[in-house]
Amino acid sequence: MEIALYLKEKVRAMLRQGRNDILIEVNKISSEESRRLRENSTDFRRGDIIDRSMPLNAKLSLAEHYCLVIRQYDEALARLERDEYGICEKCYDNIPLGRLKQVPFTKYCLKCQTSIELKEKQLRYIPPIHLPFSFEKEKRRAMI
Ligand SMILES: [Zn+2]
């Protein structure tokens, strides 16, 4: 879908704004963290290490999540330059405007996104291991 030039500029500005907002959040996390580490370095006690590392971990995963979102914004900007923005990468249908407004960096329509998430969930699912019947019998025999 080749979108009109003025619309392209509008979308580009919106994506850059969204990317910037996330970047500000990332910087907040890192400056807050380095300040905290500086302040704590003088009265560091051995027993504190676990308590202090927990919120740090939570913040790191949030920062990691933000970095992922920034990458998605970058990819969306690249798609925009290739005139591929707003086209689902799976079924090549146009992504409805409402969805683009909600998730500006999305590369899939809702239908494809849902099916991808479902597949990922299925991949993560590890079925319980059922031992073959004969093996169970062998085990019981061995125990007697
Ligand atoms: Zn699709």
# chains A, B, ... in the order shown; residues from 1 in each chain; ligands from 1

call {"tool": "residues_near_ligand", "arguments": {"ligand": "ligand 1", "cutoff": "6 Å", "atoms": "only C-alpha atoms and all ligand atoms", "output": "PDB file with C-alpha atoms, in the first residue's frame"}}
result
ATOM      1  CA  CYS A  88       0.466  -7.500   7.395  1.00  0.00           C
ATOM      2  CA  LYS A  90       1.915 -12.730   7.069  1.00  0.00           C
ATOM      3  CA  CYS A  91      -1.258 -12.429   4.986  1.00  0.00           C
ATOM      4  CA  ASP A  93      -3.724  -7.651   3.944  1.00  0.00           C
ATOM      5  CA  TYR A 108       0.642  -8.142  11.706  1.00  0.00           C
ATOM      6  CA  CYS A 109      -3.105  -7.811  11.494  1.00  0.00           C
ATOM      7  CA  LYS A 111      -5.927 -12.283  13.059  1.00  0.00           C
ATOM      8  CA  CYS A 112      -2.314 -13.179  12.232  1.00  0.00           C
TER       9      CYS A 112
END

call {"tool": "residues_around", "arguments": {"residues": "range 22-34 of chain A", "least_positions_apart": "4", "cutoff": "9 Å", "atoms": "only C-alpha atoms", "output": "list in words"}}
result
Gln17, Gly18, Arg38, Glu39, Leu56, Lys59, Leu60, Leu62, Ala63, Glu64, Tyr66, Cys67, Val69 and Ile70 of chain A

call {"tool": "residues_around", "arguments": {"residues": "Tyr92 in chain A", "least_positions_apart": "3", "cutoff": "10 Å", "atoms": "only C-alpha atoms", "output": "PyMOL selection string"}}
result
chain A and resi 1+84+86-89+95+107-109

call {"tool": "atom_distance", "arguments": {"atom1": "CA of Thr106 in chain A", "atom2": "CA of Arg71 in chain A"}}
result
11.5 Å
